Amino acid sequence: MVREQYEMKQLEFETDIPFSSLDYLFIAAGASHRAYKVLDILERIKIKKLIVIDFIERRESEKIYQEKYYSYKNRNIEIITLNANINDSSGLLKSLVVKGVDIKRNDNIGIDITCFPRPFIFSFLKYFQKVNAISHANVFYSEPKAYVFKNGFCKTFKSSSGPIKIIELPTFTGENINDTDRLLIVVLGFDADLSKEINFEVAPKKTVLINGFPGFSPKFKEISLINNEVLIANQNNEIAYCKANNPFEMYNTLLDIYLTKGKELFVNIAPIGPKPLVLGTCLFAIHHPSVRVIYPQPEKYLNEDTSNDTWCSWYYKLPLYRVGGDL
């Protein structure tokens, strides 16, 4: 098994940015503390075009924060705005063509996933790889400093409301040969309702739970374990751990599970945890098209911000094509 070196770094100073310009930077509009932290940092370099995804549902719910929500406009950059439905990643990709966003193979692409809904991360990176033949993507993410728990209780954390529908992400359908038994890998988050629904829907032969542990706040690891105690308590379910801000560790964790437990099973992955781990899951699924990616799509995402302030921002160089074997 060949493992490649990866590139990631914390963005603090101008010298931390490994290039002098971007042809396109994709961001999602938002009013959270973290929404435009990366954009502020990248103003030190030349950005030729800023592509802003403006989710209709989010825009309507955050009217009282309009000044903050639209603060991305206060930049000396060419801006293209794409209106989007938060449950329709395919429709957004079609609007790229309508808006004349013509990405070339050698363009330097950046994407800030801080305010991206998780399914959109998969759609965008697969689109860049398959349609645009982009060899790598520059991905950015700003970590939260703290999360919001109603009444101070960690078990009150919720990011959505209403009934949940388990969906198969477009182009990540996997290969279930002869209806084989299923292996379910759940990347745990704080919202326990989502993980329970997935486990019930998939009815796997084996389940592996992956829990992230941020180095700056170890208590987050314990909160996700507490909130997912029903799955944790099942003695047939295995638990693995991965550093929450490192998508490449996540990739290798998934690879180890795939090689040791998934060879004879239909592998299903549910990425509902920290976004860097979702990013690693996306890269793994792009490189291994036999795995299926599923996601609990809620009836409605909650309007309020579920995090407070910004801890730090990260840069990841993501190789969209597998070269020389597995990472």
# chains A, B, ... in the order shown; residues from 1 in each chain; ligands from 1
>>> closest_atom_pairs(of="segment 230-307 of chain A", to="segment 102-112 of chain A", cutoff="12 Å", atoms="only C-alpha atoms", output="CSV")
residue,atom,partner,partner_atom,distance
A:Lys275,CA,A:Asp112,CA,10.9
A:Pro276,CA,A:Asp112,CA,11.2
A:Leu279,CA,A:Asp112,CA,11.3
>>> write_last_selection(atoms="C-alpha atoms", output="PDB file, in the first residue's frame")
ATOM      1  CA  LYS A 275     -16.261  19.186   8.240  1.00  0.00           C
ATOM      2  CA  PRO A 276     -12.542  18.350   7.895  1.00  0.00           C
ATOM      3  CA  LEU A 279     -13.666  16.430   3.558  1.00  0.00           C
TER       4      LEU A 279
END
>>> residues_around(residues="Leu125 of chain A", least_positions_apart="3", cutoff="12 Å", atoms="only C-alpha atoms", output="ChimeraX atom specification")
/A:26,89,93,109-113,118-122,128-139,171-172,278-287,318-321
>>> write_last_selection(atoms="C-alpha atoms", output="PDB file, in the first residue's frame")
ATOM      1  CA  PHE A  26     -16.008  29.550  -3.813  1.00  0.00           C
ATOM      2  CA  SER A  89     -26.671  20.520  -4.877  1.00  0.00           C
ATOM      3  CA  LEU A  93     -23.876  22.983 -10.285  1.00  0.00           C
ATOM      4  CA  ILE A 109      -9.429  26.702  -7.496  1.00  0.00           C
ATOM      5  CA  GLY A 110     -10.170  27.522  -3.863  1.00  0.00           C
ATOM      6  CA  ILE A 111     -13.210  26.482  -1.854  1.00  0.00           C
ATOM      7  CA  ASP A 112     -14.030  27.600   1.689  1.00  0.00           C
ATOM      8  CA  ILE A 113     -16.219  24.860   3.190  1.00  0.00           C
ATOM      9  CA  ARG A 118     -22.024  18.788   3.910  1.00  0.00           C
ATOM     10  CA  PRO A 119     -23.600  17.279   0.743  1.00  0.00           C
ATOM     11  CA  PHE A 120     -22.428  20.307  -1.263  1.00  0.00           C
ATOM     12  CA  ILE A 121     -18.794  19.548  -0.390  1.00  0.00           C
ATOM     13  CA  PHE A 122     -19.169  16.189  -2.155  1.00  0.00           C
ATOM     14  CA  PHE A 128     -14.189  19.713 -10.230  1.00  0.00           C
ATOM     15  CA  GLN A 129     -12.612  16.295 -10.643  1.00  0.00           C
ATOM     16  CA  LYS A 130     -14.978  14.707 -13.143  1.00  0.00           C
ATOM     17  CA  VAL A 131     -16.164  17.639 -15.275  1.00  0.00           C
ATOM     18  CA  ASN A 132     -13.255  20.078 -15.033  1.00  0.00           C
ATOM     19  CA  ALA A 133     -10.442  17.515 -14.625  1.00  0.00           C
ATOM     20  CA  ILE A 134      -8.902  19.647 -11.877  1.00  0.00           C
ATOM     21  CA  SER A 135      -5.935  17.751 -10.385  1.00  0.00           C
ATOM     22  CA  HIS A 136      -6.208  19.302  -6.929  1.00  0.00           C
ATOM     23  CA  ALA A 137      -8.366  21.734  -4.984  1.00  0.00           C
ATOM     24  CA  ASN A 138      -7.276  24.259  -2.380  1.00  0.00           C
ATOM     25  CA  VAL A 139      -9.733  23.837   0.490  1.00  0.00           C
ATOM     26  CA  THR A 171     -22.719  10.160  -8.028  1.00  0.00           C
ATOM     27  CA  PHE A 172     -21.716   8.463  -4.738  1.00  0.00           C
ATOM     28  CA  VAL A 278     -16.312  15.104   5.946  1.00  0.00           C
ATOM     29  CA  LEU A 279     -13.666  16.430   3.558  1.00  0.00           C
ATOM     30  CA  GLY A 280     -11.509  13.351   4.108  1.00  0.00           C
ATOM     31  CA  THR A 281     -14.545  11.138   3.554  1.00  0.00           C
ATOM     32  CA  CYS A 282     -15.269  12.931   0.282  1.00  0.00           C
ATOM     33  CA  LEU A 283     -11.727  12.430  -0.985  1.00  0.00           C
ATOM     34  CA  PHE A 284     -11.829   8.746  -0.027  1.00  0.00           C
ATOM     35  CA  ALA A 285     -15.170   8.255  -1.798  1.00  0.00           C
ATOM     36  CA  ILE A 286     -13.887   9.983  -4.956  1.00  0.00           C
ATOM     37  CA  HIS A 287     -10.871   7.650  -4.987  1.00  0.00           C
ATOM     38  CA  LEU A 318      -6.616  18.006  -1.843  1.00  0.00           C
ATOM     39  CA  PRO A 319      -5.397  15.639  -4.608  1.00  0.00           C
ATOM     40  CA  LEU A 320      -8.564  14.835  -6.556  1.00  0.00           C
ATOM     41  CA  TYR A 321      -6.836  12.090  -8.540  1.00  0.00           C
TER      42      TYR A 321
END
>>> residues_around(residues="Tyr24 of chain A", least_positions_apart="2", cutoff="6 Å", atoms="only C-alpha atoms", output="list of chain:residue names")
A:Leu22, A:Lys49, A:Leu50, A:Ile109
>>> residues_around(residues="Asn246 of chain A", least_positions_apart="3", cutoff="9 Å", atoms="only C-alpha atoms", output="list in words")
Met8, Cys242, Lys243, Glu249, Met250, Tyr251, Pro276, Leu277, Leu279, Gly280 and Tyr316 of chain A
>>> closest_residue(among="A:Glu12, A:Tyr65, A:Pro204, A:Ile53", to="Ser95 of chain A", atoms="only C-alpha atoms")
A:Ile53
>>> atom_distance(atom1="atom CA of Ala31 of chain A", atom2="atom CA of Phe140 of chain A")
17.6 Å
>>> select_by_dssp(residues="segment 77-182 of chain A", states="strand (DSSP E)", output="ChimeraX atom specification")
/A:78-84,109-112,136-147,160-168,182
>>> atom_distance(atom1="atom CA of Asn74 of chain A", atom2="atom CA of Ile17 of chain A")
21.7 Å
